[in-house]
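Engineer: Just entry-v7.cif, nothing more (mmCIF, C-alpha atoms and all ligand atoms):
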data_target
loop_
_atom_site.label_atom_id
_atom_site.label_comp_id
_atom_site.auth_asym_id
_atom_site.auth_seq_id
_atom_site.Cartn_x
_atom_site.Cartn_y
_atom_site.Cartn_z
CA MET A 1 244.62 94.02 140.69
CA ARG A 2 242.97 92.35 143.63
CA LYS A 3 244.89 92.82 146.83
CA LEU A 4 245.55 90.03 149.23
CA PRO A 5 244.26 90.77 152.71
CA ALA A 6 246.72 92.29 155.12
CA SER A 7 245.54 89.65 157.55
CA ALA A 8 246.58 86.73 155.36
CA PRO A 9 248.28 84.21 157.61
CA PRO A 10 251.89 83.50 156.66
CA GLY A 11 251.13 79.83 156.19
CA GLY A 12 248.69 80.73 153.44
CA ARG A 13 251.36 81.36 150.86
CA VAL A 14 251.22 78.97 147.97
CA SER A 15 254.04 76.46 147.69
CA ASP A 16 255.69 75.01 144.61
CA ARG A 17 252.90 72.43 144.45
CA THR A 18 251.00 75.25 142.82
CA GLN A 19 253.02 74.64 139.68
CA ALA A 20 251.14 71.43 138.98
CA HIS A 21 247.85 73.22 139.36
CA PHE A 22 249.03 75.93 136.99
CA ARG A 23 249.83 73.34 134.38
CA ALA A 24 246.53 71.56 134.91
CA PHE A 25 244.70 74.78 134.18
CA ALA A 26 246.99 76.10 131.45
CA ALA A 27 244.13 76.44 128.98
CA ALA A 28 242.29 78.95 131.11
CA LYS A 29 242.15 82.63 130.23
CA PRO A 30 244.11 85.21 132.21
CA THR A 31 242.40 87.59 134.61
CA ALA A 32 243.33 89.98 137.35
CA GLY A 33 243.00 86.99 139.65
CA ALA A 34 245.92 85.35 137.92
CA PHE A 35 248.13 88.32 138.75
CA ALA A 36 247.01 88.11 142.35
CA VAL A 37 248.00 84.45 142.40
CA CYS A 38 251.44 85.33 141.04
CA LEU A 39 251.77 88.04 143.65
CA ALA A 40 250.96 85.50 146.31
CA VAL A 41 253.56 83.03 145.15
CA LEU A 42 256.27 85.47 144.04
CA LEU A 43 258.67 84.37 146.72
CA SER A 44 258.11 80.70 146.07
CA GLY A 45 258.83 80.79 142.37
CA CYS A 46 255.69 81.52 140.36
CA THR A 47 256.58 81.04 136.75
CA GLY A 48 253.05 81.09 135.34
CA ASP A 49 252.70 84.30 133.36
CA ALA A 50 249.49 86.10 132.54
CA ASN A 51 248.94 83.97 129.46
CA ASP A 52 249.00 80.55 130.99
CA ALA A 53 248.02 81.10 134.61
CA PRO A 54 244.60 79.81 135.68
CA THR A 55 241.58 82.04 136.10
CA GLY A 56 240.66 82.57 139.68
CA ASN A 57 242.16 79.25 140.50
CA ILE A 58 243.55 80.26 143.86
CA THR A 59 242.27 83.58 145.10
CA GLY A 60 241.98 82.92 148.79
CA THR A 61 244.23 82.03 151.66
CA GLY A 62 244.24 79.14 154.08
CA THR A 63 246.14 78.40 157.23
CA GLY A 64 247.93 75.34 155.87
CA ALA A 65 250.73 75.20 153.33
CA GLY A 66 249.91 75.12 149.63
CA PRO A 67 246.74 74.40 147.75
CA GLY A 68 246.47 70.79 148.86
CA ASN A 69 245.97 67.81 146.62
CA ALA A 70 242.24 67.32 146.20
CA THR A 71 241.20 65.08 143.33
CA PRO A 72 239.84 67.29 140.52
CA PRO A 73 236.06 66.85 140.44
CA GLU A 74 234.60 65.17 137.38
CA VAL A 75 231.11 65.86 135.98
CA VAL A 76 229.40 62.61 135.00
CA ALA A 77 225.87 63.88 134.28
CA ARG A 78 223.69 66.95 134.11
CA LEU A 79 220.09 66.48 135.21
CA ASP A 80 217.87 69.07 133.53
CA LEU A 81 215.04 68.85 136.03
CA GLN A 82 213.47 72.28 135.39
CA LEU A 83 214.08 73.29 138.98
CA ASP A 84 213.37 76.82 140.18
CA ILE A 85 215.94 78.12 142.69
CA PRO A 86 216.61 74.83 144.46
CA TRP A 87 218.15 75.49 147.86
CA ALA A 88 218.91 72.12 149.45
CA ALA A 89 218.55 68.40 148.88
CA VAL A 90 218.66 65.26 150.97
CA PHE A 91 218.71 61.62 149.92
CA LEU A 92 216.23 59.20 151.44
CA PRO A 93 217.41 55.69 152.35
CA ASN A 94 215.76 54.35 149.19
CA GLY A 95 217.89 56.63 146.99
CA THR A 96 215.20 59.19 146.17
CA ALA A 97 216.37 62.79 146.52
CA VAL A 98 214.13 65.45 148.04
CA VAL A 99 214.82 69.00 146.84
CA SER A 100 213.54 72.27 148.29
CA GLU A 101 212.68 75.21 146.02
CA ARG A 102 213.07 78.57 147.75
CA ASP A 103 210.36 80.70 146.17
CA SER A 104 207.78 78.09 145.13
CA ALA A 105 208.02 76.40 148.56
CA LEU A 106 207.73 73.11 146.72
CA LEU A 107 209.39 69.90 147.75
CA LYS A 108 210.30 67.79 144.76
CA ALA A 109 211.32 64.16 144.55
CA VAL A 110 214.03 63.17 142.12
CA ARG A 111 214.43 59.57 141.13
CA ASP A 112 215.85 58.00 137.98
CA GLY A 113 216.61 61.44 136.57
CA ARG A 114 213.01 62.70 136.85
CA ALA A 115 211.58 65.30 139.20
CA THR A 116 208.02 65.13 140.55
CA THR A 117 206.32 67.50 142.97
CA ILE A 118 205.69 66.04 146.42
CA GLY A 119 203.83 69.07 147.68
CA GLN A 120 204.01 72.66 148.82
CA VAL A 121 205.08 73.47 152.36
CA PRO A 122 202.37 75.61 153.97
CA GLY A 123 203.29 78.78 155.83
CA VAL A 124 206.31 79.76 153.73
CA ALA A 125 206.53 83.49 152.95
CA PRO A 126 209.23 83.85 150.28
CA GLY A 127 210.87 87.23 149.74
CA GLY A 128 214.38 88.32 148.90
CA GLU A 129 216.72 85.58 150.06
CA GLY A 130 214.03 84.06 152.27
CA GLY A 131 211.69 81.19 151.50
CA LEU A 132 211.91 77.42 151.77
CA LEU A 133 215.58 76.90 152.55
CA GLY A 134 217.43 74.07 154.31
CA LEU A 135 216.47 70.42 154.65
CA ALA A 136 217.68 67.74 157.03
CA LEU A 137 216.67 64.14 157.33
CA SER A 138 216.09 62.78 160.80
CA PRO A 139 218.82 60.34 161.84
CA GLY A 140 215.93 58.07 162.79
CA PHE A 141 214.17 58.50 159.43
CA PRO A 142 213.72 54.77 158.73
CA SER A 143 211.42 54.60 161.77
CA ASP A 144 210.19 58.20 162.33
CA ASN A 145 209.96 59.46 158.70
CA TYR A 146 210.79 63.02 159.76
CA LEU A 147 212.06 65.61 157.30
CA TYR A 148 213.20 68.88 158.91
CA LEU A 149 212.75 72.18 157.09
CA TYR A 150 214.09 75.71 157.67
CA PHE A 151 211.90 78.36 156.14
CA THR A 152 210.93 82.00 156.23
CA SER A 153 207.40 82.58 157.48
CA ALA A 154 205.43 85.82 157.67
CA GLN A 155 206.91 86.47 161.12
CA ASP A 156 210.35 84.92 161.31
CA ASN A 157 212.61 82.12 160.19
CA ARG A 158 211.64 78.82 161.74
CA ILE A 159 212.21 75.09 161.72
CA ALA A 160 209.46 72.54 161.24
CA ARG A 161 209.38 68.82 160.75
CA LEU A 162 206.91 66.75 158.82
CA LYS A 163 206.42 63.12 158.03
CA LEU A 164 207.40 61.99 154.58
CA THR A 165 205.89 58.61 153.96
CA GLU A 166 206.11 56.39 150.94
CA GLN A 167 202.79 55.33 149.48
CA PRO A 168 202.07 51.91 147.97
CA ASP A 169 202.47 53.40 144.48
CA GLY A 170 205.95 54.70 145.38
CA SER A 171 204.95 58.35 145.67
CA LEU A 172 205.74 60.37 148.78
CA ASP A 173 203.08 61.84 151.02
CA LEU A 174 203.71 65.06 152.93
CA GLY A 175 202.37 65.23 156.47
CA ASP A 176 201.39 68.42 158.29
CA PRO A 177 204.38 70.47 159.42
CA GLU A 178 205.02 70.70 163.16
CA VAL A 179 206.99 73.81 164.11
CA VAL A 180 209.77 72.79 166.50
CA PHE A 181 211.71 76.09 166.68
CA SER A 182 210.74 79.65 165.77
CA GLY A 183 211.75 83.26 166.37
CA ILE A 184 214.91 83.38 164.25
CA PRO A 185 214.89 86.94 162.88
CA LYS A 186 214.12 87.42 159.19
CA ALA A 187 214.93 90.09 156.63
CA SER A 188 215.16 90.42 152.86
CA THR A 189 218.73 89.13 153.11
CA HIS A 190 220.96 87.32 155.64
CA ASN A 191 218.42 84.67 156.64
CA GLY A 192 220.89 81.82 157.08
CA GLY A 193 218.96 78.61 156.47
CA ARG A 194 221.28 75.61 156.54
CA ILE A 195 220.29 72.80 158.92
CA ARG A 196 222.03 69.51 159.48
CA PHE A 197 222.13 66.75 162.06
CA GLY A 198 225.57 66.29 163.57
CA PRO A 199 227.31 63.08 164.52
CA ASP A 200 225.98 63.69 168.05
CA GLY A 201 222.39 63.41 166.82
CA PHE A 202 221.61 67.10 167.46
CA LEU A 203 220.33 69.53 164.85
CA TYR A 204 222.75 72.32 163.93
CA VAL A 205 221.28 75.49 162.42
CA GLY A 206 223.08 78.29 160.56
CA THR A 207 221.37 81.66 160.95
CA GLY A 208 222.06 85.11 159.51
CA ASP A 209 222.29 88.51 161.18
CA SER A 210 219.02 89.48 159.45
CA GLN A 211 220.59 92.90 158.81
CA ARG A 212 220.56 93.53 162.56
CA ARG A 213 224.15 94.17 163.47
CA GLU A 214 223.57 93.87 167.20
CA GLN A 215 222.38 90.26 166.92
CA PRO A 216 225.57 88.28 166.26
CA GLN A 217 227.40 89.44 169.41
CA ASP A 218 224.35 89.00 171.66
CA ARG A 219 224.45 85.55 173.26
CA ASN A 220 220.73 85.67 173.84
CA ALA A 221 219.78 86.58 170.26
CA LEU A 222 219.23 83.99 167.55
CA GLY A 223 220.58 85.97 164.57
CA GLY A 224 224.17 85.52 163.41
CA LYS A 225 224.63 82.18 165.15
CA ILE A 226 225.08 78.50 164.81
CA LEU A 227 222.40 76.91 167.00
CA ARG A 228 222.36 73.36 168.36
CA LEU A 229 218.99 71.80 169.10
CA THR A 230 217.48 68.51 170.12
CA PRO A 231 215.24 66.87 167.50
CA GLU A 232 212.29 68.32 169.46
CA GLY A 233 213.68 71.86 169.07
CA ASP A 234 214.97 72.40 172.61
CA PRO A 235 218.46 73.75 173.34
CA ALA A 236 220.79 70.77 173.19
CA PRO A 237 222.24 69.71 176.55
CA GLY A 238 225.78 70.97 177.03
CA ASN A 239 225.41 74.07 174.87
CA PRO A 240 227.97 76.69 175.97
CA PHE A 241 225.55 79.38 177.20
CA GLY A 242 222.70 77.21 178.40
CA ASN A 243 220.49 78.25 175.49
CA ALA A 244 220.23 77.30 171.82
CA VAL A 245 223.40 79.17 170.83
CA TYR A 246 226.43 77.07 169.90
CA SER A 247 228.72 79.70 168.33
CA LEU A 248 228.34 83.44 167.74
CA GLY A 249 229.63 86.37 165.74
CA HIS A 250 228.44 85.07 162.37
CA ARG A 251 227.16 87.19 159.52
CA ASN A 252 225.30 84.66 157.38
CA VAL A 253 226.10 80.98 157.79
CA GLN A 254 225.31 79.03 154.61
CA GLY A 255 227.02 75.66 154.93
CA LEU A 256 227.64 73.11 157.70
CA ALA A 257 229.67 69.89 157.51
CA TRP A 258 231.72 67.63 159.74
CA ASP A 259 235.10 66.17 158.95
CA SER A 260 236.12 62.57 159.60
CA ALA A 261 237.27 63.48 163.13
CA GLY A 262 233.89 65.02 163.94
CA ARG A 263 235.01 68.66 163.72
CA LEU A 264 232.34 71.09 162.49
CA TRP A 265 233.19 73.47 159.65
CA SER A 266 230.98 76.19 158.25
CA SER A 267 230.89 78.51 155.26
CA GLU A 268 229.86 82.11 155.65
CA PHE A 269 229.22 85.11 153.43
CA GLY A 270 231.44 88.12 154.05
CA PRO A 271 230.19 91.67 153.37
CA ASP A 272 231.98 92.80 150.18
CA VAL A 273 235.23 91.23 151.34
CA ASN A 274 236.36 88.17 153.27
CA ASP A 275 234.13 85.20 152.66
CA GLU A 276 235.03 82.56 155.23
CA LEU A 277 235.43 78.87 155.94
CA ASN A 278 235.43 78.49 159.72
CA LEU A 279 236.27 75.68 162.10
CA ILE A 280 233.49 75.84 164.67
CA GLU A 281 234.04 75.38 168.37
CA PRO A 282 231.32 75.70 170.99
CA GLY A 283 231.12 79.15 172.52
CA ALA A 284 233.63 80.67 170.09
CA ASN A 285 233.09 84.13 168.63
CA TYR A 286 233.66 84.48 164.89
CA GLY A 287 233.89 88.25 164.87
CA TRP A 288 230.98 89.76 162.96
CA PRO A 289 230.36 92.67 162.80
CA ALA A 290 233.56 93.78 164.58
CA VAL A 291 235.96 91.97 162.27
CA THR A 292 235.99 89.66 159.25
CA GLY A 293 238.52 87.19 157.91
CA ALA A 294 241.60 86.35 159.93
CA PRO A 295 242.81 89.53 161.64
CA HIS A 296 244.41 87.73 164.63
CA ARG A 297 242.36 89.54 167.26
CA GLU A 298 242.34 87.82 170.61
CA ALA A 299 238.62 88.09 171.22
CA TYR A 300 237.65 86.53 167.91
CA ARG A 301 238.27 83.29 166.09
CA ASP A 302 240.07 83.67 162.74
CA ALA A 303 238.59 82.08 159.64
CA LYS A 304 240.60 79.11 158.35
CA VAL A 305 240.10 80.11 154.73
CA VAL A 306 239.53 83.70 153.61
CA TRP A 307 238.43 84.72 150.14
CA PRO A 308 239.34 88.42 149.90
CA SER A 309 236.81 89.06 147.13
CA THR A 310 233.21 87.93 147.50
CA ALA A 311 233.00 88.13 143.70
CA ASP A 312 235.18 85.02 143.63
CA SER A 313 233.26 83.06 146.18
CA SER A 314 230.12 83.80 148.23
CA PRO A 315 230.28 80.21 149.47
CA SER A 316 227.02 78.40 150.15
CA GLY A 317 226.60 74.63 150.50
CA LEU A 318 229.48 72.78 152.13
CA GLU A 319 230.34 69.10 152.08
CA ILE A 320 233.39 67.25 153.36
CA ALA A 321 234.58 63.96 151.89
CA GLY A 322 237.80 62.37 153.02
CA SER A 323 240.10 65.28 153.82
CA THR A 324 238.58 67.64 151.24
CA ALA A 325 235.95 70.31 151.75
CA TYR A 326 233.77 71.22 148.77
CA LEU A 327 231.99 74.57 148.66
CA GLY A 328 229.50 75.76 146.08
CA ALA A 329 229.96 79.43 145.20
CA LEU A 330 227.05 81.65 144.25
CA ARG A 331 228.49 84.93 143.03
CA GLY A 332 231.81 83.21 142.31
CA GLN A 333 230.03 80.67 140.06
CA ARG A 334 232.42 77.82 140.77
CA LEU A 335 233.16 74.87 143.02
CA TRP A 336 235.88 75.43 145.59
CA THR A 337 237.90 72.64 147.13
CA VAL A 338 239.90 73.01 150.33
CA SER A 339 242.26 70.34 151.66
CA LEU A 340 241.87 69.89 155.40
CA SER A 341 244.63 68.64 157.65
CA GLY A 342 243.59 68.46 161.28
CA GLU A 343 242.56 72.00 162.18
CA GLU A 344 244.36 73.55 159.23
CA ALA A 345 242.95 74.32 155.79
CA SER A 346 244.82 74.74 152.54
CA ALA A 347 244.44 77.60 150.12
CA PRO A 348 241.23 76.98 148.15
CA VAL A 349 241.32 75.68 144.58
CA ALA A 350 238.51 76.45 142.12
CA TYR A 351 236.88 74.32 139.45
CA PHE A 352 234.19 74.96 136.80
CA THR A 353 234.65 78.74 137.05
CA ARG A 354 231.64 80.37 135.34
CA GLU A 355 230.92 77.15 133.42
CA TYR A 356 227.61 76.36 135.11
CA GLY A 357 226.67 79.59 136.85
CA ARG A 358 225.82 80.01 140.51
CA ILE A 359 226.08 76.95 142.74
CA ARG A 360 223.83 76.88 145.81
CA ASP A 361 224.46 73.54 147.39
CA VAL A 362 226.79 70.56 147.38
CA ILE A 363 225.27 67.25 148.50
CA ARG A 364 226.96 63.88 148.96
CA THR A 365 225.16 61.22 146.97
CA PRO A 366 224.58 57.66 148.20
CA ASP A 367 227.32 56.36 145.88
CA GLY A 368 229.89 58.76 147.34
CA GLY A 369 229.75 61.32 144.53
CA PHE A 370 228.15 64.75 144.70
CA TRP A 371 225.24 66.75 143.45
CA LEU A 372 225.65 70.44 142.76
CA LEU A 373 222.45 72.53 142.71
CA THR A 374 222.62 75.55 140.41
CA ASN A 375 220.84 78.85 141.10
CA ASN A 376 220.41 80.65 137.81
CA LYS A 377 216.63 80.53 137.16
CA ASN A 378 217.24 79.44 133.57
CA PRO A 379 215.83 76.94 134.82
CA ASP A 380 218.12 75.24 137.33
CA PHE A 381 219.72 71.86 137.04
CA VAL A 382 221.77 69.32 138.97
CA LEU A 383 225.35 68.52 138.11
CA VAL A 384 226.34 65.02 139.16
CA LEU A 385 229.98 64.54 140.11
CA ALA A 386 231.83 61.24 140.29
CA PRO A 387 233.00 59.95 143.67
CA PRO A 388 236.43 61.42 144.36
CA GLY A 389 239.17 58.98 143.37
CA CA B 401 234.31 85.85 160.88
#
Kindly transcribe the structure held in the file into structure tokens.
Ligand SMILES: [Ca+2]
Structural biologist:
Amino acid sequence: MRKLPASAPPGGRVSDRTQAHFRAFAAAKPTAGAFAVCLAVLLSGCTGDANDAPTGNITGTGTGAGPGNATPPEVVARLDLQLDIPWAAVFLPNGTAVVSERDSALLKAVRDGRATTIGQVPGVAPGGEGGLLGLALSPGFPSDNYLYLYFTSAQDNRIARLKLTEQPDGSLDLGDPEVVFSGIPKASTHNGGRIRFGPDGFLYVGTGDSQRREQPQDRNALGGKILRLTPEGDPAPGNPFGNAVYSLGHRNVQGLAWDSAGRLWSSEFGPDVNDELNLIEPGANYGWPAVTGAPHREAYRDAKVVWPSTADSSPSGLEIAGSTAYLGALRGQRLWTVSLSGEEASAPVAYFTREYGRIRDVIRTPDGGFWLLTNNKNPDFVLVLAPPG
């Protein structure tokens, strides 16, 4: 049986609202996770037995009460685009999606259910978890045409921007990349890679510890951080330490998203325990490698959601719509939803467990639905979800 973390906050216990979720998932098969759920809700009246409890439905803890009330996601299409380890996607104003492929270093355009190659990004040195990773569209894209890329080069992880311009025939032309920020440490794993422009117009960057455990606690090192940059790649004005660092003590940040009040949340891989959803505040220390999860240590910020077993989660892409956070899980092979209420987060609720394999990224579509990018190499596809009701 999986044990709940000793550090589970008391508010993370599942309330009687769980009963409805149990019924909704009554067809699922029992697992050890189901027993863990029952253990978690023993005092609040868990009546779901091993035969009708959901699989891995709730196997983490949040700070808020209960599992929340997110609308169950609905798959409306599967786009078999023959993708190869897609890592990120952005939608252009004209509705075309641009997808990065990690190992091929290709950028692909997807429109009307078809994928075409735009081009290969020069200077990418794929290896292990490194390669062509995150994408972000310039907030000024309609006039500047800039696409930002985070990738692993021969020397480091770096951020470049290039012009993506539409040709008269509708195809997209890739300009020469201009490196705007470099020197983020690289390794075979823990390369970070998510980039995203915030509501303040600055570029936020999730990095990994690059297997260098001294990096995350060093305010002057770039590994194990969330960085905040100007579009030109300079430290954003107002950063807490006067350099590029925005928050520290991270192990491997994989997802960045803002809620409707402008709060930044991020997903992060734990070691073999304690995957995290964190609420990010400038200058805060998220604990790695000293602590993980939510141990209530004064020097470190607790995670808002903790998944005790990385086998259930390993959360990558993060998106927030309304008051719900959506996280794609790689090893956990499912989509997690978390209901947010102010600075509190509910216990996570899983969908599609092991139905579609590993999920790398969650992207909001122009119509308010979502894309999920799979990462199974079989080849990979896009699941299209309906806008939440
Ligand atoms: Ca942490």
Engineer: Which protein, DNA or RNA residues have an atom within 6 Å of ligand CA 401 (chain B), counting only C-alpha atoms and all ligand atoms, as a short mmCIF file (atom, residue, chain, number, x, y, z; two decimals) with C-alpha atoms, in the frame of the given file?
Structural biologist:
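Output file selection00.cif is given in full below:
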data_model
loop_
_atom_site.label_atom_id
_atom_site.label_comp_id
_atom_site.auth_asym_id
_atom_site.auth_seq_id
_atom_site.Cartn_x
_atom_site.Cartn_y
_atom_site.Cartn_z
CA TYR A 286 233.66 84.48 164.89
CA GLY A 287 233.89 88.25 164.87
CA TRP A 288 230.98 89.76 162.96
CA THR A 292 235.99 89.66 159.25
CA GLY A 293 238.52 87.19 157.91
CA ALA A 303 238.59 82.08 159.64
#
Engineer: If you count only C-alpha atoms, which residues fall within 10 Å of Ala325 in chain A, apart from same-chain ones fewer than 2 positions away, as a short mmCIF file (atom, residue, chain, number, x, y, z; two decimals) with C-alpha atoms, in the coordinates of the input?
Structural biologist:
data_model
loop_
_atom_site.label_atom_id
_atom_site.label_comp_id
_atom_site.auth_asym_id
_atom_site.auth_seq_id
_atom_site.Cartn_x
_atom_site.Cartn_y
_atom_site.Cartn_z
CA ALA A 70 242.24 67.32 146.20
CA ALA A 257 229.67 69.89 157.51
CA TRP A 258 231.72 67.63 159.74
CA ASP A 259 235.10 66.17 158.95
CA TRP A 265 233.19 73.47 159.65
CA LEU A 277 235.43 78.87 155.94
CA LEU A 318 229.48 72.78 152.13
CA GLU A 319 230.34 69.10 152.08
CA ILE A 320 233.39 67.25 153.36
CA ALA A 321 234.58 63.96 151.89
CA GLY A 322 237.80 62.37 153.02
CA SER A 323 240.10 65.28 153.82
CA LEU A 327 231.99 74.57 148.66
CA TRP A 336 235.88 75.43 145.59
CA THR A 337 237.90 72.64 147.13
CA VAL A 338 239.90 73.01 150.33
CA SER A 339 242.26 70.34 151.66
CA LEU A 340 241.87 69.89 155.40
CA ALA A 345 242.95 74.32 155.79
CA SER A 346 244.82 74.74 152.54
CA PRO A 348 241.23 76.98 148.15
#
Engineer: Using all atoms listed in the file, which of A:Ser104, A:Phe202, A:Leu222, A:Phe381 sits nearest Ala236 in chain A?
Structural biologist: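 Once distances to Ala236 in chain A are computed over all atoms listed in the file, the minimum belongs to A:Phe202.
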Engineer: Of the candidates A:Lys108, A:Arg263, A:Lys377, A:Arg301, which shows the shortest atom-to-atom distance to Gly342 in chain A, using all atoms listed in the file?
Structural biologist: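 Distance minimum relative to Gly342 in chain A lands on A:Arg263.
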Engineer: Write out as a Markdown table a residue-level contact list of range 345-374 of chain A versus range 72-87 of chain A with cut-off 8 Å: for each qualifying residue the closest pair of atoms and the distance in Å to one decimal, counting all atoms listed in the file, rows sorted by chain and residue number upward.
Structural biologist:
| residue | atom | partner | partner_atom | distance |
| --- | --- | --- | --- | --- |
| A:Tyr351 | CA | A:Pro73 | CA | 7.6 |
| A:Arg360 | CA | A:Trp87 | CA | 6.2 |
| A:Asp361 | CA | A:Trp87 | CA | 6.6 |
| A:Leu373 | CA | A:Pro86 | CA | 6.5 |
| A:Thr374 | CA | A:Pro86 | CA | 7.3 |
Engineer: Ranking A:Pro126, A:Pro379, A:Gly357, A:Gly119 by minimum distance to Ala154 in chain A and counting all atoms listed in the file, which one comes first?
Structural biologist: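 Nearest to Ala154 in chain A: A:Pro126.
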Engineer: What gap, in Å, lies between CA of Asp367 in chain A and CA of Pro387 in chain A?
Structural biologist: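 According to the coordinates, CA of Asp367 in chain A and CA of Pro387 in chain A are separated by 7.1 Å.
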Engineer: What lies within 12 Å of Ser143 in chain A using only C-alpha atoms, ignoring chain neighbours under 5 positions off, as a PyMOL selection string?
Structural biologist: chain A and resi 93+137-138+163-165
Engineer: Need the axis-aligned box for range 378-383 of chain A with 4 Å each side, so what are the centre and edges in Å to one decimal, as JSON?
Structural biologist:
{"center_x": 220.6, "center_y": 74.0, "center_z": 136.3, "size_x": 17.5, "size_y": 18.9, "size_z": 13.4}
Engineer: Show me the residues close to (229.0, 80.1, 149.4) - anything with an atom within 9 Å, counting only C-alpha atoms - and format the list as a PyMOL selection string.
Structural biologist: chain A and resi 253-255+267-269+275-276+313-318+327-332+359-361
Engineer: Counting only C-alpha atoms, what is within 6 Å of Thr96 in chain A, bar same-chain residues fewer than 2 positions away, as a PyMOL selection string?
Structural biologist: chain A and resi 91-92+94+110-111
Engineer: Between CA of Gly131 in chain A and CA of Pro177 in chain A, what is the spacing in Å?
Structural biologist: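 Computed distance, CA of Pro177 in chain A to CA of Gly131 in chain A, equals 15.2 Å.
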Engineer: So that I can look at just that part, could you write range 148-162 of chain A with N, CA and C atoms, as a short mmCIF file (atom, residue, chain, number, x, y, z; two decimals), in the first residue's frame?
Structural biologist:
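Generated output (decode_7.cif):
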data_model
loop_
_atom_site.label_atom_id
_atom_site.label_comp_id
_atom_site.auth_asym_id
_atom_site.auth_seq_id
_atom_site.Cartn_x
_atom_site.Cartn_y
_atom_site.Cartn_z
N TYR A 148 9.79 32.27 -29.37
CA TYR A 148 10.89 31.99 -28.45
C TYR A 148 11.01 30.48 -28.26
N LEU A 149 12.25 30.03 -28.16
CA LEU A 149 12.54 28.59 -28.04
C LEU A 149 13.51 28.36 -26.88
N TYR A 150 13.31 27.29 -26.13
CA TYR A 150 14.28 26.85 -25.12
C TYR A 150 14.85 25.54 -25.62
N PHE A 151 16.15 25.46 -25.75
CA PHE A 151 16.71 24.21 -26.25
C PHE A 151 18.07 23.91 -25.63
N THR A 152 18.44 22.64 -25.75
CA THR A 152 19.73 22.17 -25.29
C THR A 152 20.71 22.28 -26.45
N SER A 153 21.81 23.00 -26.23
CA SER A 153 22.84 23.10 -27.26
C SER A 153 24.01 22.20 -26.84
N ALA A 154 25.09 22.26 -27.57
CA ALA A 154 26.27 21.46 -27.22
C ALA A 154 26.86 21.89 -25.88
N GLN A 155 26.63 23.18 -25.53
CA GLN A 155 27.27 23.70 -24.30
C GLN A 155 26.34 23.82 -23.11
N ASP A 156 25.06 24.09 -23.36
CA ASP A 156 24.20 24.53 -22.26
C ASP A 156 22.74 24.40 -22.68
N ASN A 157 21.85 24.86 -21.84
CA ASN A 157 20.48 25.13 -22.25
C ASN A 157 20.38 26.63 -22.48
N ARG A 158 19.65 27.01 -23.52
CA ARG A 158 19.59 28.42 -23.89
C ARG A 158 18.24 28.78 -24.49
N ILE A 159 18.04 30.08 -24.62
CA ILE A 159 16.79 30.59 -25.17
C ILE A 159 17.12 31.44 -26.39
N ALA A 160 16.44 31.16 -27.47
CA ALA A 160 16.62 31.94 -28.69
C ALA A 160 15.24 32.40 -29.16
N ARG A 161 15.25 33.40 -30.01
CA ARG A 161 14.02 33.79 -30.68
C ARG A 161 14.27 33.86 -32.17
N LEU A 162 13.24 33.58 -32.92
CA LEU A 162 13.36 33.68 -34.38
C LEU A 162 12.05 34.19 -34.93
#
